[in-house]
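These notes are about the structure you will find just below.
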Amino acid sequence: FVVAIVAHNIPEGMAVGVAAGAGLEGADSLALGIALQDVPEGLIVALLLAGVGMSRRKALLIGAASGLVEPVFAVLCAWLVGVSAQLLPWGLALAAGAMLFAVAHEIIPESHRNGHSTEASLALAVGFCLMMVLDTALV
């Protein structure tokens, strides 16, 4: 699950980097929305690791470090888009596709294990609605 969260953070960083590198109008709102949802993701990683017996301090550090791939990929993608504006649509498509793949392949199946599929599906729907509200409210 920890690997799935880290893999999920890569396309998030890509999306922020491409949006910022292209100077898109909503890039700061996108970065804020992703940053807001990264806090509970890091907390989930830390709680999961602490729950399997890892020390709280080490679990907290790994939970915080799980989001460090985002700024790396954001800077890389911002630089790539800055080099060539023709890369913008390709960068956005790659970021969106990578995000869909990570969520559909890793996060959704993992969240449906252990008999909690209804709660996981409801949480996904609530999270999606919350992001849509934030998307329209912050622009």
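How things are named: the first chain in the structure tokens is A, the next is B, and so on; residues count from 1 in each chain; ligands count from 1 in the order shown.
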_Polymer residues at most 9 Å from Leu88 of chain A, only C-alpha atoms, same-chain spacing of 3 or more positions, as JSON, numbers by chain_ = {"A": [18, 19, 21, 22, 80, 81, 82, 84, 85, 91, 92, 93]}
For Leu68 of chain A, please output as a short mmCIF file (atom, residue, chain, number, x, y, z; two decimals) with N, CA and C atoms, in the first residue's frame all residues within 12 Å (counting only C-alpha atoms; exclusion window: fewer than 5 positions along the same chain).
data_model
loop_
_atom_site.label_atom_id
_atom_site.label_comp_id
_atom_site.auth_asym_id
_atom_site.auth_seq_id
_atom_site.Cartn_x
_atom_site.Cartn_y
_atom_site.Cartn_z
N ILE A 5 0.85 4.36 -2.73
CA ILE A 5 0.71 5.79 -2.43
C ILE A 5 1.85 6.58 -3.08
N VAL A 6 3.07 6.06 -2.97
CA VAL A 6 4.21 6.74 -3.59
C VAL A 6 4.04 6.80 -5.11
N ALA A 7 3.62 5.68 -5.70
CA ALA A 7 3.39 5.66 -7.15
C ALA A 7 2.28 6.62 -7.55
N HIS A 8 1.30 6.76 -6.70
CA HIS A 8 0.19 7.68 -6.95
C HIS A 8 0.65 9.14 -6.88
N ASN A 9 1.68 9.42 -6.09
CA ASN A 9 2.17 10.79 -5.95
C ASN A 9 2.96 11.26 -7.17
N ILE A 10 3.50 10.35 -7.96
CA ILE A 10 4.29 10.74 -9.14
C ILE A 10 3.43 11.50 -10.14
N GLU A 12 0.71 13.07 -9.64
CA GLU A 12 0.26 14.32 -9.03
C GLU A 12 1.32 15.39 -9.20
N GLY A 13 2.56 15.03 -8.95
CA GLY A 13 3.66 15.97 -9.16
C GLY A 13 3.78 16.37 -10.62
N ALA A 35 -1.93 19.40 -2.51
CA ALA A 35 -1.23 19.49 -1.22
C ALA A 35 -2.17 19.18 -0.06
N ASP A 38 -2.65 15.52 0.21
CA ASP A 38 -1.43 14.79 0.55
C ASP A 38 -1.26 14.60 2.05
N GLY A 42 -0.25 11.00 3.68
CA GLY A 42 0.93 10.76 4.51
C GLY A 42 0.57 10.20 5.86
N LEU A 61 8.24 9.62 9.72
CA LEU A 61 9.22 10.06 8.73
C LEU A 61 8.96 9.45 7.35
N ILE A 62 8.63 8.17 7.32
CA ILE A 62 8.33 7.52 6.04
C ILE A 62 7.03 8.07 5.46
N GLY A 63 6.04 8.33 6.30
CA GLY A 63 4.80 8.93 5.82
C GLY A 63 5.03 10.29 5.18
N PHE A 73 9.09 15.35 -9.38
CA PHE A 73 8.44 15.23 -10.69
C PHE A 73 7.81 16.56 -11.13
N ALA A 74 7.38 17.38 -10.19
CA ALA A 74 6.84 18.70 -10.55
C ALA A 74 7.93 19.55 -11.19
N VAL A 75 9.10 19.58 -10.60
CA VAL A 75 10.21 20.38 -11.15
C VAL A 75 10.63 19.82 -12.51
#
*Rank A:Ala65, A:Leu130, A:Lys58, A:Ala27 by their smallest atom-to-atom distance to Val39 of chain A, using only C-alpha atoms, and report the top residue only.*
A:Ala65
*Which residues, written as an MDAnalysis selection string, have at least one atom at most 12 Å from Leu60 of chain A, with only C-alpha atoms counted and residues fewer than 2 positions away on the same chain left out?*
chainID A and resid 39 41:51 54:58 62:67
*Can you work out the spacing between atom CA of Ala120 of chain A and atom CA of Val72 of chain A in Å, to one decimal?*
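These two atoms are separated by 29.5 Å.
Put simply, atom CA of Val83 of chain A is 20.4 Å away from atom CA of Ala96 of chain A.
One distance worth recording is that between atom CA of Ala123 of chain A and atom CA of Ile108 of chain A, which is 10.8 Å.
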Run DSSP on the backbone and tell me which residues of segment 35-114 of chain A come out as alpha helix (DSSP H); list them as a CSV table (one decimal) with all heavy atoms, in the first residue's frame.
chain,number,residue,atom,x,y,z
A,35,ALA,N,-1.9,19.4,-2.5
A,35,ALA,CA,-1.2,19.5,-1.2
A,35,ALA,C,-2.2,19.2,-0.1
A,35,ALA,O,-1.8,18.5,0.9
A,35,ALA,CB,-0.6,20.9,-1.0
A,36,LEU,N,-3.4,19.6,-0.1
A,36,LEU,CA,-4.4,19.4,0.9
A,36,LEU,C,-4.7,17.9,1.1
A,36,LEU,O,-4.8,17.4,2.2
A,36,LEU,CB,-5.7,20.1,0.7
A,36,LEU,CG,-5.7,21.6,0.9
A,36,LEU,CD1,-7.0,22.3,0.5
A,36,LEU,CD2,-5.4,21.9,2.4
A,37,GLN,N,-4.8,17.2,0.0
A,37,GLN,CA,-5.1,15.8,0.1
A,37,GLN,C,-3.8,14.9,0.3
A,37,GLN,O,-3.9,13.8,0.7
A,37,GLN,CB,-5.8,15.3,-1.2
A,37,GLN,CG,-5.1,15.4,-2.5
A,37,GLN,CD,-4.3,14.2,-2.8
A,37,GLN,OE1,-4.7,13.1,-2.5
A,37,GLN,NE2,-3.2,14.4,-3.5
A,38,ASP,N,-2.6,15.5,0.2
A,38,ASP,CA,-1.4,14.8,0.5
A,38,ASP,C,-1.3,14.6,2.1
A,38,ASP,O,-0.6,13.6,2.5
A,38,ASP,CB,-0.2,15.5,0.0
A,38,ASP,CG,0.0,15.3,-1.5
A,38,ASP,OD1,-0.6,14.3,-2.0
A,38,ASP,OD2,0.7,16.0,-2.1
A,39,VAL,N,-1.8,15.5,2.8
A,39,VAL,CA,-1.7,15.4,4.3
A,39,VAL,C,-2.3,14.1,4.8
A,39,VAL,O,-1.7,13.3,5.5
A,39,VAL,CB,-2.3,16.6,5.0
A,39,VAL,CG1,-2.3,16.5,6.5
A,39,VAL,CG2,-1.4,17.9,4.6
A,40,PRO,N,-3.6,13.8,4.5
A,40,PRO,CA,-4.2,12.6,4.9
A,40,PRO,C,-3.5,11.3,4.3
A,40,PRO,O,-3.4,10.3,4.9
A,40,PRO,CB,-5.7,12.6,4.5
A,40,PRO,CG,-5.8,13.8,3.7
A,40,PRO,CD,-4.6,14.7,3.8
A,41,GLU,N,-3.0,11.5,3.1
A,41,GLU,CA,-2.3,10.3,2.5
A,41,GLU,C,-1.0,10.0,3.3
A,41,GLU,O,-0.8,8.8,3.6
A,41,GLU,CB,-1.8,10.7,1.1
A,41,GLU,CG,-2.9,10.5,0.0
A,41,GLU,CD,-2.4,10.8,-1.4
A,41,GLU,OE1,-1.2,11.1,-1.6
A,41,GLU,OE2,-3.2,10.7,-2.3
A,42,GLY,N,-0.3,11.0,3.7
A,42,GLY,CA,0.9,10.8,4.5
A,42,GLY,C,0.6,10.2,5.9
A,42,GLY,O,1.3,9.3,6.4
A,43,LEU,N,-0.5,10.7,6.4
A,43,LEU,CA,-1.0,10.2,7.7
A,43,LEU,C,-1.4,8.7,7.6
A,43,LEU,O,-1.1,7.9,8.5
A,43,LEU,CB,-2.2,11.0,8.2
A,43,LEU,CG,-2.8,10.6,9.6
A,43,LEU,CD1,-1.7,10.8,10.7
A,43,LEU,CD2,-4.0,11.5,9.9
A,44,ILE,N,-2.1,8.4,6.5
A,44,ILE,CA,-2.5,7.0,6.3
A,44,ILE,C,-1.2,6.1,6.2
A,44,ILE,O,-1.2,5.0,6.8
A,44,ILE,CB,-3.3,6.8,5.0
A,44,ILE,CG1,-4.7,7.4,5.3
A,44,ILE,CG2,-3.5,5.4,4.6
A,44,ILE,CD1,-5.5,7.6,4.0
A,45,VAL,N,-0.2,6.5,5.5
A,45,VAL,CA,1.0,5.7,5.4
A,45,VAL,C,1.6,5.6,6.8
A,45,VAL,O,2.0,4.4,7.2
A,45,VAL,CB,2.0,6.4,4.4
A,45,VAL,CG1,3.4,5.8,4.5
A,45,VAL,CG2,1.5,6.3,3.0
A,46,ALA,N,1.7,6.6,7.6
A,46,ALA,CA,2.3,6.6,8.9
A,46,ALA,C,1.5,5.7,9.8
A,46,ALA,O,2.1,4.8,10.5
A,46,ALA,CB,2.4,8.0,9.5
A,47,LEU,N,0.2,5.8,9.8
A,47,LEU,CA,-0.7,4.9,10.6
A,47,LEU,C,-0.6,3.5,10.3
A,47,LEU,O,-0.5,2.6,11.1
A,47,LEU,CB,-2.1,5.4,10.6
A,47,LEU,CG,-2.4,6.8,11.2
A,47,LEU,CD1,-3.8,7.2,11.0
A,47,LEU,CD2,-2.1,6.7,12.7
A,48,LEU,N,-0.5,3.2,9.0
A,48,LEU,CA,-0.4,1.8,8.5
A,48,LEU,C,0.9,1.2,9.0
A,48,LEU,O,0.9,0.1,9.5
A,48,LEU,CB,-0.5,1.8,7.0
A,48,LEU,CG,-0.2,0.4,6.3
A,48,LEU,CD1,-1.5,-0.4,6.6
A,48,LEU,CD2,0.1,0.6,4.9
A,49,LEU,N,2.0,2.0,8.9
A,49,LEU,CA,3.3,1.4,9.3
A,49,LEU,C,3.4,1.3,10.8
A,49,LEU,O,3.9,0.3,11.3
A,49,LEU,CB,4.4,2.4,8.8
A,49,LEU,CG,4.6,2.4,7.2
A,49,LEU,CD1,5.6,3.4,6.8
A,49,LEU,CD2,5.0,1.0,6.7
A,50,ALA,N,2.8,2.2,11.5
A,50,ALA,CA,2.8,2.1,13.0
A,50,ALA,C,1.9,1.0,13.4
A,50,ALA,O,2.3,0.3,14.4
A,50,ALA,CB,2.3,3.4,13.6
A,51,GLY,N,0.9,0.7,12.7
A,51,GLY,CA,0.0,-0.4,13.0
A,51,GLY,C,0.6,-1.8,12.8
A,51,GLY,O,0.2,-2.8,13.4
A,56,ARG,N,6.8,4.8,16.0
A,56,ARG,CA,6.0,6.0,15.6
A,56,ARG,C,6.9,7.0,14.8
A,56,ARG,O,6.4,7.6,13.8
A,56,ARG,CB,5.3,6.6,16.8
A,56,ARG,CG,4.2,5.9,17.3
A,56,ARG,CD,3.6,6.6,18.4
A,56,ARG,NE,2.4,5.8,19.0
A,56,ARG,CZ,1.7,6.2,19.9
A,56,ARG,NH1,1.9,7.4,20.5
A,56,ARG,NH2,0.7,5.5,20.4
A,57,ARG,N,8.1,7.2,15.3
A,57,ARG,CA,8.9,8.2,14.7
A,57,ARG,C,9.3,7.8,13.3
A,57,ARG,O,9.2,8.6,12.3
A,57,ARG,CB,10.2,8.4,15.5
A,57,ARG,CG,11.1,9.4,15.0
A,57,ARG,CD,12.4,9.5,15.8
A,57,ARG,NE,13.3,10.4,15.1
A,57,ARG,CZ,13.8,11.5,15.6
A,57,ARG,NH1,13.4,11.9,16.8
A,57,ARG,NH2,14.7,12.2,15.0
A,58,LYS,N,9.7,6.6,13.1
A,58,LYS,CA,10.1,6.1,11.8
A,58,LYS,C,8.9,6.1,10.8
A,58,LYS,O,9.0,6.4,9.7
A,58,LYS,CB,10.7,4.7,11.9
A,58,LYS,CG,11.3,4.2,10.6
A,58,LYS,CD,12.0,2.9,10.8
A,58,LYS,CE,12.7,2.4,9.5
A,58,LYS,NZ,13.4,1.1,9.7
A,59,ALA,N,7.7,5.7,11.3
A,59,ALA,CA,6.5,5.7,10.5
A,59,ALA,C,6.2,7.1,10.1
A,59,ALA,O,5.8,7.3,8.9
A,59,ALA,CB,5.4,5.0,11.3
A,60,LEU,N,6.3,8.0,11.0
A,60,LEU,CA,6.0,9.4,10.7
A,60,LEU,C,7.0,9.9,9.6
A,60,LEU,O,6.5,10.6,8.6
A,60,LEU,CB,6.1,10.3,11.9
A,60,LEU,CG,5.8,11.8,11.7
A,60,LEU,CD1,4.4,12.0,11.3
A,60,LEU,CD2,6.1,12.6,13.0
A,61,LEU,N,8.2,9.6,9.7
A,61,LEU,CA,9.2,10.1,8.7
A,61,LEU,C,9.0,9.4,7.4
A,61,LEU,O,9.0,10.1,6.3
A,61,LEU,CB,10.6,9.7,9.2
A,61,LEU,CG,11.1,10.6,10.4
A,61,LEU,CD1,12.5,10.0,10.8
A,61,LEU,CD2,11.3,12.0,10.0
A,62,ILE,N,8.6,8.2,7.3
A,62,ILE,CA,8.3,7.5,6.0
A,62,ILE,C,7.0,8.1,5.5
A,62,ILE,O,6.9,8.3,4.2
A,62,ILE,CB,8.3,6.0,6.2
A,62,ILE,CG1,9.7,5.5,6.5
A,62,ILE,CG2,7.7,5.3,5.0
A,62,ILE,CD1,9.7,4.0,6.9
A,63,GLY,N,6.0,8.3,6.3
A,63,GLY,CA,4.8,8.9,5.8
A,63,GLY,C,5.0,10.3,5.2
A,63,GLY,O,4.5,10.6,4.1
A,64,ALA,N,5.9,11.1,5.8
A,64,ALA,CA,6.2,12.4,5.3
A,64,ALA,C,7.0,12.3,4.0
A,64,ALA,O,6.8,13.0,3.0
A,64,ALA,CB,6.9,13.3,6.3
A,65,ALA,N,8.0,11.3,4.0
A,65,ALA,CA,8.8,11.1,2.8
A,65,ALA,C,8.1,10.6,1.6
A,65,ALA,O,8.5,10.7,0.5
A,65,ALA,CB,10.0,10.2,3.2
A,69,VAL,N,8.3,12.5,-3.7
A,69,VAL,CA,8.4,12.3,-5.1
A,69,VAL,C,7.7,13.4,-5.9
A,69,VAL,O,8.0,13.7,-7.1
A,69,VAL,CB,8.0,10.9,-5.6
A,69,VAL,CG1,8.8,9.8,-5.0
A,69,VAL,CG2,6.5,10.7,-5.2
A,70,GLU,N,6.7,14.0,-5.3
A,70,GLU,CA,5.9,15.0,-6.0
A,70,GLU,C,6.7,16.2,-6.4
A,70,GLU,O,6.6,16.6,-7.6
A,70,GLU,CB,4.7,15.4,-5.1
A,70,GLU,CG,3.6,14.4,-5.2
A,70,GLU,CD,2.3,15.0,-4.6
A,70,GLU,OE1,2.0,16.2,-4.7
A,70,GLU,OE2,1.6,14.1,-4.0
A,71,PRO,N,7.4,16.9,-5.5
A,71,PRO,CA,8.2,18.0,-6.0
A,71,PRO,C,9.2,17.7,-7.0
A,71,PRO,O,9.5,18.5,-7.9
A,71,PRO,CB,8.8,18.6,-4.7
A,71,PRO,CG,8.5,17.7,-3.6
A,71,PRO,CD,7.5,16.7,-4.1
A,72,VAL,N,9.8,16.5,-6.9
A,72,VAL,CA,10.8,16.1,-7.9
A,72,VAL,C,10.2,16.0,-9.3
A,72,VAL,O,10.8,16.6,-10.2
A,72,VAL,CB,11.5,14.7,-7.5
A,72,VAL,CG1,12.3,14.2,-8.6
A,72,VAL,CG2,12.2,14.9,-6.2
A,73,PHE,N,9.1,15.4,-9.4
A,73,PHE,CA,8.4,15.2,-10.7
A,73,PHE,C,7.8,16.6,-11.1
A,73,PHE,O,7.7,16.8,-12.3
A,73,PHE,CB,7.4,14.1,-10.7
A,73,PHE,CG,8.1,12.8,-10.9
A,73,PHE,CD1,8.6,12.0,-9.9
A,73,PHE,CD2,8.2,12.3,-12.2
A,73,PHE,CE1,9.2,10.8,-10.1
A,73,PHE,CE2,8.8,11.1,-12.4
A,73,PHE,CZ,9.4,10.3,-11.4
A,74,ALA,N,7.4,17.4,-10.2
A,74,ALA,CA,6.8,18.7,-10.5
A,74,ALA,C,7.9,19.6,-11.2
A,74,ALA,O,7.7,20.2,-12.2
A,74,ALA,CB,6.3,19.4,-9.3
A,75,VAL,N,9.1,19.6,-10.6
A,75,VAL,CA,10.2,20.4,-11.2
A,75,VAL,C,10.6,19.8,-12.5
A,75,VAL,O,10.8,20.6,-13.5
A,75,VAL,CB,11.4,20.4,-10.2
A,75,VAL,CG1,12.6,21.0,-10.8
A,75,VAL,CG2,11.0,21.2,-8.9
A,76,LEU,N,10.7,18.5,-12.6
A,76,LEU,CA,11.1,17.9,-13.9
A,76,LEU,C,10.2,18.2,-15.0
A,76,LEU,O,10.5,18.6,-16.1
A,76,LEU,CB,11.3,16.4,-13.7
A,76,LEU,CG,11.5,15.6,-15.0
A,76,LEU,CD1,12.9,15.9,-15.5
A,76,LEU,CD2,11.4,14.1,-14.7
A,77,CYS,N,8.9,18.1,-14.7
A,77,CYS,CA,7.8,18.3,-15.7
A,77,CYS,C,7.7,19.8,-16.1
A,77,CYS,O,7.5,20.2,-17.2
A,77,CYS,CB,6.5,17.7,-15.3
A,77,CYS,SG,6.5,15.9,-15.4
A,78,ALA,N,7.9,20.7,-15.1
A,78,ALA,CA,7.8,22.1,-15.3
A,78,ALA,C,9.0,22.5,-16.2
A,78,ALA,O,8.8,23.3,-17.2
A,78,ALA,CB,7.9,22.9,-14.0
A,79,TRP,N,10.2,21.9,-16.0
A,79,TRP,CA,11.3,22.2,-16.8
A,79,TRP,C,11.1,21.7,-18.3
A,79,TRP,O,11.4,22.4,-19.2
A,79,TRP,CB,12.6,21.5,-16.2
A,79,TRP,CG,13.8,21.7,-17.1
A,79,TRP,CD1,14.5,22.8,-17.3
A,79,TRP,CD2,14.3,20.6,-18.0
A,79,TRP,NE1,15.5,22.5,-18.2
A,79,TRP,CE2,15.4,21.2,-18.6
A,79,TRP,CE3,14.0,19.3,-18.2
A,79,TRP,CZ2,16.2,20.5,-19.6
A,79,TRP,CZ3,14.7,18.6,-19.1
A,79,TRP,CH2,15.8,19.2,-19.8
A,80,LEU,N,10.5,20.5,-18.4
A,80,LEU,CA,10.3,19.9,-19.7
A,80,LEU,C,9.3,20.8,-20.5
A,80,LEU,O,9.5,21.0,-21.7
A,80,LEU,CB,9.8,18.5,-19.6
A,80,LEU,CG,10.8,17.4,-19.3
A,80,LEU,CD1,10.1,16.1,-19.0
A,80,LEU,CD2,11.8,17.3,-20.4
A,81,VAL,N,8.2,21.2,-19.9
A,81,VAL,CA,7.3,22.0,-20.6
A,81,VAL,C,7.9,23.4,-20.9
A,81,VAL,O,7.6,24.0,-21.9
A,81,VAL,CB,6.0,22.2,-19.7
A,81,VAL,CG1,5.0,23.2,-20.3
A,81,VAL,CG2,5.3,20.8,-19.7
A,82,GLY,N,8.7,23.9,-20.0
A,82,GLY,CA,9.4,25.2,-20.3
A,82,GLY,C,10.3,25.1,-21.4
A,82,GLY,O,10.5,26.1,-22.2
A,83,VAL,N,10.9,23.9,-21.7
A,83,VAL,CA,11.8,23.7,-22.8
A,83,VAL,C,11.1,23.8,-24.1
A,83,VAL,O,11.5,24.4,-25.1
A,83,VAL,CB,12.6,22.4,-22.7
A,83,VAL,CG1,13.3,22.0,-23.9
A,83,VAL,CG2,13.5,22.4,-21.5
A,88,LEU,N,3.4,20.4,-23.8
A,88,LEU,CA,2.3,20.6,-22.9
A,88,LEU,C,1.2,19.6,-23.0
A,88,LEU,O,0.8,19.0,-22.0
A,88,LEU,CB,1.8,22.1,-23.0
A,88,LEU,CG,0.6,22.4,-22.1
A,88,LEU,CD1,0.9,22.2,-20.6
A,88,LEU,CD2,0.1,23.8,-22.4
A,89,PRO,N,0.6,19.5,-24.2
A,89,PRO,CA,-0.6,18.5,-24.3
A,89,PRO,C,-0.1,17.1,-23.9
A,89,PRO,O,-0.8,16.3,-23.3
A,89,PRO,CB,-1.1,18.6,-25.7
A,89,PRO,CG,-0.2,19.5,-26.4
A,89,PRO,CD,0.7,20.1,-25.5
A,90,TRP,N,1.1,16.7,-24.4
A,90,TRP,CA,1.6,15.4,-24.1
A,90,TRP,C,1.9,15.2,-22.6
A,90,TRP,O,1.6,14.2,-22.0
A,90,TRP,CB,2.9,15.1,-24.8
A,90,TRP,CG,2.7,15.1,-26.3
A,90,TRP,CD1,2.9,16.1,-27.2
A,90,TRP,CD2,2.2,13.9,-27.0
A,90,TRP,NE1,2.5,15.6,-28.5
A,90,TRP,CE2,2.1,14.3,-28.4
A,90,TRP,CE3,1.8,12.7,-26.7
A,90,TRP,CZ2,1.6,13.5,-29.4
A,90,TRP,CZ3,1.4,11.8,-27.7
A,90,TRP,CH2,1.3,12.2,-29.0
A,91,GLY,N,2.4,16.3,-21.9
A,91,GLY,CA,2.6,16.2,-20.5
A,91,GLY,C,1.3,16.1,-19.7
A,91,GLY,O,1.3,15.3,-18.8
A,92,LEU,N,0.3,16.9,-20.1
A,92,LEU,CA,-1.0,16.8,-19.4
A,92,LEU,C,-1.6,15.4,-19.6
A,92,LEU,O,-2.2,14.8,-18.7
A,92,LEU,CB,-1.9,17.9,-19.9
A,92,LEU,CG,-1.5,19.3,-19.4
A,92,LEU,CD1,-2.4,20.3,-20.2
A,92,LEU,CD2,-1.7,19.4,-17.9
A,93,ALA,N,-1.5,14.9,-20.8
A,93,ALA,CA,-2.1,13.6,-21.1
A,93,ALA,C,-1.4,12.5,-20.3
A,93,ALA,O,-2.0,11.6,-19.8
A,93,ALA,CB,-2.1,13.3,-22.6
A,94,LEU,N,0.0,12.6,-20.3
A,94,LEU,CA,0.7,11.6,-19.5
A,94,LEU,C,0.4,11.6,-18.0
A,94,LEU,O,0.3,10.6,-17.4
A,94,LEU,CB,2.2,11.8,-19.8
A,94,LEU,CG,3.2,10.8,-19.1
A,94,LEU,CD1,2.9,9.4,-19.6
A,94,LEU,CD2,4.6,11.2,-19.3
A,95,ALA,N,0.3,12.8,-17.5
A,95,ALA,CA,0.0,13.0,-16.1
A,95,ALA,C,-1.4,12.4,-15.8
A,95,ALA,O,-1.6,11.7,-14.8
A,95,ALA,CB,0.1,14.4,-15.6
A,96,ALA,N,-2.4,12.7,-16.6
A,96,ALA,CA,-3.7,12.2,-16.4
A,96,ALA,C,-3.8,10.7,-16.5
A,96,ALA,O,-4.4,10.0,-15.7
A,96,ALA,CB,-4.7,12.9,-17.4
A,97,GLY,N,-3.1,10.2,-17.5
A,97,GLY,CA,-3.1,8.7,-17.7
A,97,GLY,C,-2.4,8.0,-16.6
A,97,GLY,O,-2.9,6.9,-16.1
A,98,ALA,N,-1.3,8.5,-16.1
A,98,ALA,CA,-0.6,7.9,-15.0
A,98,ALA,C,-1.4,7.9,-13.7
A,98,ALA,O,-1.4,7.0,-13.0
A,98,ALA,CB,0.8,8.6,-14.8
A,99,MET,N,-2.1,9.0,-13.5
A,99,MET,CA,-3.0,9.1,-12.3
A,99,MET,C,-4.1,8.1,-12.4
A,99,MET,O,-4.3,7.4,-11.4
A,99,MET,CB,-3.5,10.5,-12.2
A,99,MET,CG,-4.4,10.7,-11.0
A,99,MET,SD,-3.6,10.6,-9.5
A,99,MET,CE,-2.8,12.2,-9.5
A,100,LEU,N,-4.7,8.0,-13.5
A,100,LEU,CA,-5.8,7.0,-13.7
A,100,LEU,C,-5.3,5.6,-13.5
A,100,LEU,O,-6.0,4.8,-12.8
A,100,LEU,CB,-6.5,7.2,-15.0
A,100,LEU,CG,-7.4,8.4,-15.2
A,100,LEU,CD1,-7.9,8.5,-16.6
A,100,LEU,CD2,-8.6,8.2,-14.3
A,101,PHE,N,-4.2,5.3,-14.1
A,101,PHE,CA,-3.6,4.0,-13.9
A,101,PHE,C,-3.3,3.7,-12.5
A,101,PHE,O,-3.6,2.6,-12.0
A,101,PHE,CB,-2.3,3.8,-14.8
A,101,PHE,CG,-1.7,2.5,-14.6
A,101,PHE,CD1,-2.2,1.4,-15.3
A,101,PHE,CD2,-0.6,2.3,-13.8
A,101,PHE,CE1,-1.6,0.1,-15.1
A,101,PHE,CE2,0.0,1.1,-13.6
A,101,PHE,CZ,-0.5,0.0,-14.3
A,102,ALA,N,-2.6,4.6,-11.8
A,102,ALA,CA,-2.2,4.4,-10.4
A,102,ALA,C,-3.5,4.1,-9.5
A,102,ALA,O,-3.5,3.2,-8.7
A,102,ALA,CB,-1.4,5.5,-9.9
A,108,ILE,N,-7.6,1.6,-5.7
A,108,ILE,CA,-9.0,1.0,-5.6
A,108,ILE,C,-9.0,-0.5,-5.2
A,108,ILE,O,-9.6,-0.8,-4.2
A,108,ILE,CB,-9.8,1.3,-6.9
A,108,ILE,CG1,-10.1,2.8,-7.0
A,108,ILE,CG2,-11.1,0.5,-6.8
A,108,ILE,CD1,-10.7,3.2,-8.3
A,109,PRO,N,-8.2,-1.3,-5.9
A,109,PRO,CA,-8.2,-2.7,-5.4
A,109,PRO,C,-7.7,-2.9,-4.0
A,109,PRO,O,-8.3,-3.7,-3.2
A,109,PRO,CB,-7.2,-3.4,-6.4
A,109,PRO,CG,-7.2,-2.5,-7.6
A,109,PRO,CD,-7.4,-1.2,-7.1
A,110,GLU,N,-6.7,-2.2,-3.6
A,110,GLU,CA,-6.2,-2.3,-2.2
A,110,GLU,C,-7.3,-1.8,-1.2
A,110,GLU,O,-7.4,-2.4,-0.1
A,110,GLU,CB,-4.9,-1.5,-2.0
A,110,GLU,CG,-4.3,-1.6,-0.7
A,110,GLU,CD,-3.6,-3.0,-0.5
A,110,GLU,OE1,-3.2,-3.6,-1.5
A,110,GLU,OE2,-3.6,-3.5,0.6
A,111,SER,N,-8.0,-0.8,-1.5
A,111,SER,CA,-9.0,-0.3,-0.6
A,111,SER,C,-10.2,-1.2,-0.5
A,111,SER,O,-11.0,-1.1,0.5
A,111,SER,CB,-9.5,1.1,-1.0
A,111,SER,OG,-10.2,1.1,-2.2
*Which residues come within 10 Å of Met131 of chain A, counting only C-alpha atoms, excluding same-chain residues fewer than 3 positions away, as a ChimeraX atom specification?*
/A:30,33-34,36-37,125-128,134-137
*Would you please work out which residue, of A:Met14, A:Ser117, A:Gly26, A:Val103, is nearest to Phe1 of chain A when using only C-alpha atoms?*
A:Val103
